[in-house]
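The structure appears below as structure tokens.
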Amino acid sequence: MVVRSMMRVGVASLVLVALVCSGCGKKTQTGSSASVGTPAKSGKQFTICLLPKKKGLPYFTSCASGAEQAAKELGDVNLIYDGPTDGSPEKAASMIEKWTLKGVDVIAVSPNDPNVLAPAMRAARQKGIHVITWDADAPTDAREYFVNQATAKQIGYGLVDAVAKDIGGAQPTGKVAIITATLTAANQNEWIRYIKEHLKDYPGLTLVATKPSNEDQKLAFQVALDLMKAYPDLKGIFAISSVAFPGAAEAVKQSEKAGKVFVTGLSTPNDMRDYVKDGTVRSVVLWNTVDLGYLTISTAEALASGTLKPHATTIKAGRLGEKRIVGDNILLGDVLVFNKENIDKYRF
Amino acid sequence: MGRQRLQSFPYWHEVILAAMLAALLVFARSVAPEFLYPGTQAEMSTHIWELALLALPMTLIIITGGIDLSVGSTMAMCAVVLGLSYQAGISPWVGALLAVLTGAAAGAANGVFVARVRVHPLIVTLATLAAYRGVAEGISLAKPVSGFPAGFTVLGLGSVAGVPIPGLIFAVALLAAAVVLGKTTTGRSIYAIGHNELASRFSGISVDRIKLALYTLSGTAAGMAAAVFVARRNTAKADIGQGMELDVITAVVLGGTSIYGGRGRIVGTLLGVLLIHETREFVSWQWSRDELILIVVGALLIVSVLLNTVLSPRRR
């Protein structure tokens, strides 16, 4: 008896789902190419999905604000900004799959795990959807373009220029050192290569040491103290990982060497704001995240509308002007340096 | 039906869930008909199989008054075993079998501590929630394994006569769980343990054996879920299934299983899983706001419990 009525409830609800589903199925023939997005008032409206690594991070929220600007200025863009709030790559892949089902025009992905996302991105491309990456890249066959915020060269050169400017003078002179993540970290080693290359343009600056901090802020703090002890006339430190930078800055602050030893690195304004305000750090190197979102949507729209031709070497991106395309990389351009004067304009 | 009979009608919760599901689907149909196309639904169903598989043993465990918080971590450990064995040159199918065995062993370890050592399941599985994740990260060195042969991805993406293969696995498991719980002495013993464990022991029910079996089953399901996951995403890595345990418990509790034990049904869990799945997918489809999903699922849980209390005041 119990089992029988239990089955009845179960079967009834399954039949219900099936009924509602099949009822809709019949409509498929008439409107199979139904695409989402509000019908255009004039001309075609493009639905562009912007997927961040993790929704809710100030970094990505500021990218999204630039994306909204671009969508508003272009007028023919229906922007969807969504991503996993917990940063889970599986959820991100599910979102790409859903957008593929909806038949959107462009999906712009900042992959938090290229291995997991690439199959979904390839499947979207097979269905004729444009897929691009931004902020971080995926395997090249999974996307058409990569909106590259900063090349390793731009970052390496930008860091050297920042320290040179902080030390000051027409011919900045002194000893400098690098605190990296681990000695095998691929990104960092690429940057170090360009740091060394650009240091040749400043003959007064000599690189005396490159030390690992193993992604440990305490270790970075200790390494910075040791460096300042070993080289009492040390002038600059490149702390090139997200934890090495605050660690080294704290070391400079506690040993009261602000203004004597200049630390720089890559970070978001929020993370380094206090050190910049109290004068410990003069320059924080990053890129303009608002412009990154803006350029991504401009690229996506150009791709969807067909104005971005294969083998083009430049792209017109609204208020950003012309941007260079190298191969399948669309370059945002120079890095952005945050200092005491401008840091309060950036809230991420 | 008289008032008396109305109140003692035992399926209010299932009826409420079915009504909520119906309301959702009707609404979805009116605002986004393409959401309900069979093709769309089939494609989206791939997002739920792991949760659905894990919800079945979890229902049985919660009915006994227990809980298994380690399912997500067990999944990760099994996925890593699959990945590493494939890397070592073993066929992924054998690897999947190893993953299931790993899951069974991990579940059995939970079961031994719960049933034989008599530590509270919340504490045991809270410990293994951390420990299994640690093992997964330790043996994989947090490196993902991908590039499984296309033949293997069938396990996650293939279908037989339009029914996804993980769906078939789930259907078999669902039927087995429903029959065991609803029709066998073991099923009645499971309810009895949840109502009064001590009395069950005195009346000769082999409480320890049943508990050991249920936790082993839960681990086995985690192993199967891991194999399905790896096949679908073509990646085995140590950080999968994070927070999975809470999603599974939410579905089971939404399905009407009492967290205090002694009450619950497989059909309720099926409805709970369906309702959560369709809600999540629809919210994401229509509004593209990931944060909204969490709110809506939370609200769903509260509304279903409230309605249940209002409609059947005699049920605790």
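Residues are referred to by chain and number: the chain letter is A, B, ... according to the order shown in the structure tokens, the number counts from 1 in that chain, and ligands are numbered separately from 1 in the order shown.
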
Report task. As a ChimeraX atom specification, please: all residues of stretch 38-284 of chain B that backbone DSSP puts in helix (DSSP H, G or I). Result -> /B:38-45,49-63,71-87,92-116,121-140,150-157,165-183,185-195,197-202,207-233,244-254,266-284

Report task. List the neighbours of stretch 255-272 of chain A out to 9 Å using only C-alpha atoms; skip same-chain residues closer than 5 positions along the sequence, and give me the result as a VMD selection string. Result -> chain A and resid 58 to 59 155 159 to 160 162 to 163 166 to 167 225 228 233 to 242 244 to 246 248 to 250 277 279 to 286 338 343 to 344 346 to 348

Requested in this report: Could you give me, as a count of residues only, the residues within 8 Å of B:Ile210, counting only C-alpha atoms and dropping anything in the same chain fewer than 4 positions from it?
Outcome: 4

Requested in this report: Using atom CA of A:Thr100 and atom CA of A:Met121 as the two end points, give the distance in Å to one decimal.
Outcome: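 Separation between atom CA of A:Thr100 and atom CA of A:Met121: 9.0 Å.
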
Report task. With a distance cut-off of 10 Å and only C-alpha atoms, select the neighbouring residues of B:Trp93, excluding the residue or stretch itself and same-chain residues fewer than 4 positions from it, and output the selection as a list in words. Result ->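 The residues that qualify are Leu82, Tyr86, Leu97, Leu98, Ala99, Gly151, Phe152, Leu155 and Ala227 of chain B.
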
Step one, run DSSP on the backbone; step two, keep only residues of stretch 119-260 of chain A assigned to strand (DSSP E); then write them as a PDB file with N, CA and C atoms, in the first residue's frame.
ATOM      1  N   HIS A 130      31.037  32.373 -31.510  1.00  0.00           N
ATOM      2  CA  HIS A 130      32.389  32.924 -31.381  1.00  0.00           C
ATOM      3  C   HIS A 130      32.860  32.791 -29.942  1.00  0.00           C
ATOM      4  N   VAL A 131      34.056  32.285 -29.764  1.00  0.00           N
ATOM      5  CA  VAL A 131      34.602  32.165 -28.414  1.00  0.00           C
ATOM      6  C   VAL A 131      35.937  32.898 -28.361  1.00  0.00           C
ATOM      7  N   ILE A 132      36.081  33.794 -27.397  1.00  0.00           N
ATOM      8  CA  ILE A 132      37.366  34.468 -27.191  1.00  0.00           C
ATOM      9  C   ILE A 132      37.747  34.324 -25.716  1.00  0.00           C
ATOM     10  N   THR A 133      39.021  34.516 -25.434  1.00  0.00           N
ATOM     11  CA  THR A 133      39.444  34.530 -24.040  1.00  0.00           C
ATOM     12  C   THR A 133      39.908  35.936 -23.681  1.00  0.00           C
ATOM     13  N   TRP A 134      39.834  36.217 -22.417  1.00  0.00           N
ATOM     14  CA  TRP A 134      40.326  37.507 -21.927  1.00  0.00           C
ATOM     15  C   TRP A 134      40.920  37.277 -20.546  1.00  0.00           C
ATOM     16  N   TYR A 145      40.312  34.489 -30.433  1.00  0.00           N
ATOM     17  CA  TYR A 145      41.247  35.547 -30.047  1.00  0.00           C
ATOM     18  C   TYR A 145      41.468  35.531 -28.546  1.00  0.00           C
ATOM     19  N   PHE A 146      42.581  36.082 -28.140  1.00  0.00           N
ATOM     20  CA  PHE A 146      42.844  36.285 -26.718  1.00  0.00           C
ATOM     21  C   PHE A 146      43.040  37.779 -26.503  1.00  0.00           C
ATOM     22  N   VAL A 147      42.195  38.374 -25.697  1.00  0.00           N
ATOM     23  CA  VAL A 147      42.368  39.786 -25.353  1.00  0.00           C
ATOM     24  C   VAL A 147      43.390  39.831 -24.218  1.00  0.00           C
ATOM     25  N   ASN A 148      44.616  40.186 -24.602  1.00  0.00           N
ATOM     26  CA  ASN A 148      45.765  40.066 -23.713  1.00  0.00           C
ATOM     27  C   ASN A 148      46.006  41.401 -23.012  1.00  0.00           C
ATOM     28  N   GLY A 174      72.130  52.048  -8.488  1.00  0.00           N
ATOM     29  CA  GLY A 174      71.996  51.297  -7.246  1.00  0.00           C
ATOM     30  C   GLY A 174      71.812  49.822  -7.496  1.00  0.00           C
ATOM     31  N   LYS A 175      71.785  49.090  -6.366  1.00  0.00           N
ATOM     32  CA  LYS A 175      71.605  47.649  -6.452  1.00  0.00           C
ATOM     33  C   LYS A 175      70.122  47.314  -6.364  1.00  0.00           C
ATOM     34  N   VAL A 176      69.697  46.343  -7.173  1.00  0.00           N
ATOM     35  CA  VAL A 176      68.309  45.893  -7.120  1.00  0.00           C
ATOM     36  C   VAL A 176      68.275  44.374  -6.992  1.00  0.00           C
ATOM     37  N   ALA A 177      67.164  43.850  -6.453  1.00  0.00           N
ATOM     38  CA  ALA A 177      67.018  42.405  -6.269  1.00  0.00           C
ATOM     39  C   ALA A 177      65.604  41.981  -6.636  1.00  0.00           C
ATOM     40  N   ILE A 178      65.463  40.699  -6.941  1.00  0.00           N
ATOM     41  CA  ILE A 178      64.153  40.160  -7.300  1.00  0.00           C
ATOM     42  C   ILE A 178      63.727  39.152  -6.239  1.00  0.00           C
ATOM     43  N   ILE A 179      62.486  39.261  -5.760  1.00  0.00           N
ATOM     44  CA  ILE A 179      61.895  38.190  -4.950  1.00  0.00           C
ATOM     45  C   ILE A 179      60.775  37.594  -5.789  1.00  0.00           C
ATOM     46  N   THR A 180      60.959  36.333  -6.171  1.00  0.00           N
ATOM     47  CA  THR A 180      60.000  35.698  -7.073  1.00  0.00           C
ATOM     48  C   THR A 180      59.139  34.706  -6.300  1.00  0.00           C
ATOM     49  N   LEU A 205      71.841  50.501 -12.825  1.00  0.00           N
ATOM     50  CA  LEU A 205      71.178  49.529 -11.962  1.00  0.00           C
ATOM     51  C   LEU A 205      71.835  48.154 -12.108  1.00  0.00           C
ATOM     52  N   THR A 206      72.191  47.536 -10.977  1.00  0.00           N
ATOM     53  CA  THR A 206      72.760  46.191 -11.038  1.00  0.00           C
ATOM     54  C   THR A 206      71.895  45.224 -10.241  1.00  0.00           C
ATOM     55  N   LEU A 207      71.595  44.111 -10.892  1.00  0.00           N
ATOM     56  CA  LEU A 207      70.819  43.067 -10.232  1.00  0.00           C
ATOM     57  C   LEU A 207      71.764  42.215  -9.393  1.00  0.00           C
ATOM     58  N   VAL A 208      71.528  42.175  -8.065  1.00  0.00           N
ATOM     59  CA  VAL A 208      72.463  41.456  -7.204  1.00  0.00           C
ATOM     60  C   VAL A 208      71.938  40.090  -6.754  1.00  0.00           C
ATOM     61  N   ALA A 209      70.616  39.872  -6.785  1.00  0.00           N
ATOM     62  CA  ALA A 209      70.109  38.579  -6.306  1.00  0.00           C
ATOM     63  C   ALA A 209      68.705  38.314  -6.827  1.00  0.00           C
ATOM     64  N   THR A 210      68.383  37.020  -6.996  1.00  0.00           N
ATOM     65  CA  THR A 210      67.028  36.587  -7.307  1.00  0.00           C
ATOM     66  C   THR A 210      66.670  35.481  -6.323  1.00  0.00           C
ATOM     67  N   LYS A 211      65.713  35.766  -5.436  1.00  0.00           N
ATOM     68  CA  LYS A 211      65.399  34.816  -4.355  1.00  0.00           C
ATOM     69  C   LYS A 211      63.947  34.346  -4.457  1.00  0.00           C
ATOM     70  N   PRO A 212      63.702  33.062  -4.163  1.00  0.00           N
ATOM     71  CA  PRO A 212      62.325  32.565  -4.152  1.00  0.00           C
ATOM     72  C   PRO A 212      61.635  32.866  -2.819  1.00  0.00           C
ATOM     73  N   LEU A 234      71.102  48.502  -0.822  1.00  0.00           N
ATOM     74  CA  LEU A 234      70.091  48.054  -1.784  1.00  0.00           C
ATOM     75  C   LEU A 234      69.096  49.184  -2.064  1.00  0.00           C
ATOM     76  N   LYS A 235      68.762  49.355  -3.356  1.00  0.00           N
ATOM     77  CA  LYS A 235      67.883  50.465  -3.716  1.00  0.00           C
ATOM     78  C   LYS A 235      66.487  50.011  -4.131  1.00  0.00           C
ATOM     79  N   GLY A 236      66.426  48.836  -4.790  1.00  0.00           N
ATOM     80  CA  GLY A 236      65.109  48.434  -5.297  1.00  0.00           C
ATOM     81  C   GLY A 236      64.853  46.950  -5.165  1.00  0.00           C
ATOM     82  N   ILE A 237      63.560  46.596  -4.939  1.00  0.00           N
ATOM     83  CA  ILE A 237      63.157  45.189  -4.888  1.00  0.00           C
ATOM     84  C   ILE A 237      61.979  44.983  -5.830  1.00  0.00           C
ATOM     85  N   PHE A 238      62.130  44.004  -6.731  1.00  0.00           N
ATOM     86  CA  PHE A 238      60.986  43.581  -7.533  1.00  0.00           C
ATOM     87  C   PHE A 238      60.356  42.387  -6.823  1.00  0.00           C
ATOM     88  N   ALA A 239      59.199  42.572  -6.219  1.00  0.00           N
ATOM     89  CA  ALA A 239      58.543  41.464  -5.531  1.00  0.00           C
ATOM     90  C   ALA A 239      57.406  40.993  -6.426  1.00  0.00           C
TER      91      ALA A 239
END

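Straight-line separation from atom CA of B:Ala131 to atom CA of B:Arg209: 24.1 Å.
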
Requested in this report: For atom CA of B:Ala299 and atom CA of B:Tyr11, quote the distance in Å rounded to one decimal.
Outcome: 21.4 Å

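Closest approach to chain A from the set B:Phe170, B:Phe148, B:Phe35, B:Tyr215 is made by B:Phe35, with distances taken over only C-alpha atoms.
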
Query raised in the report: Of the residues B:Leu54, B:Val26, B:Val114, B:Ala79, which is the one nearest to B:Leu212, using only C-alpha atoms?
Result: B:Val114
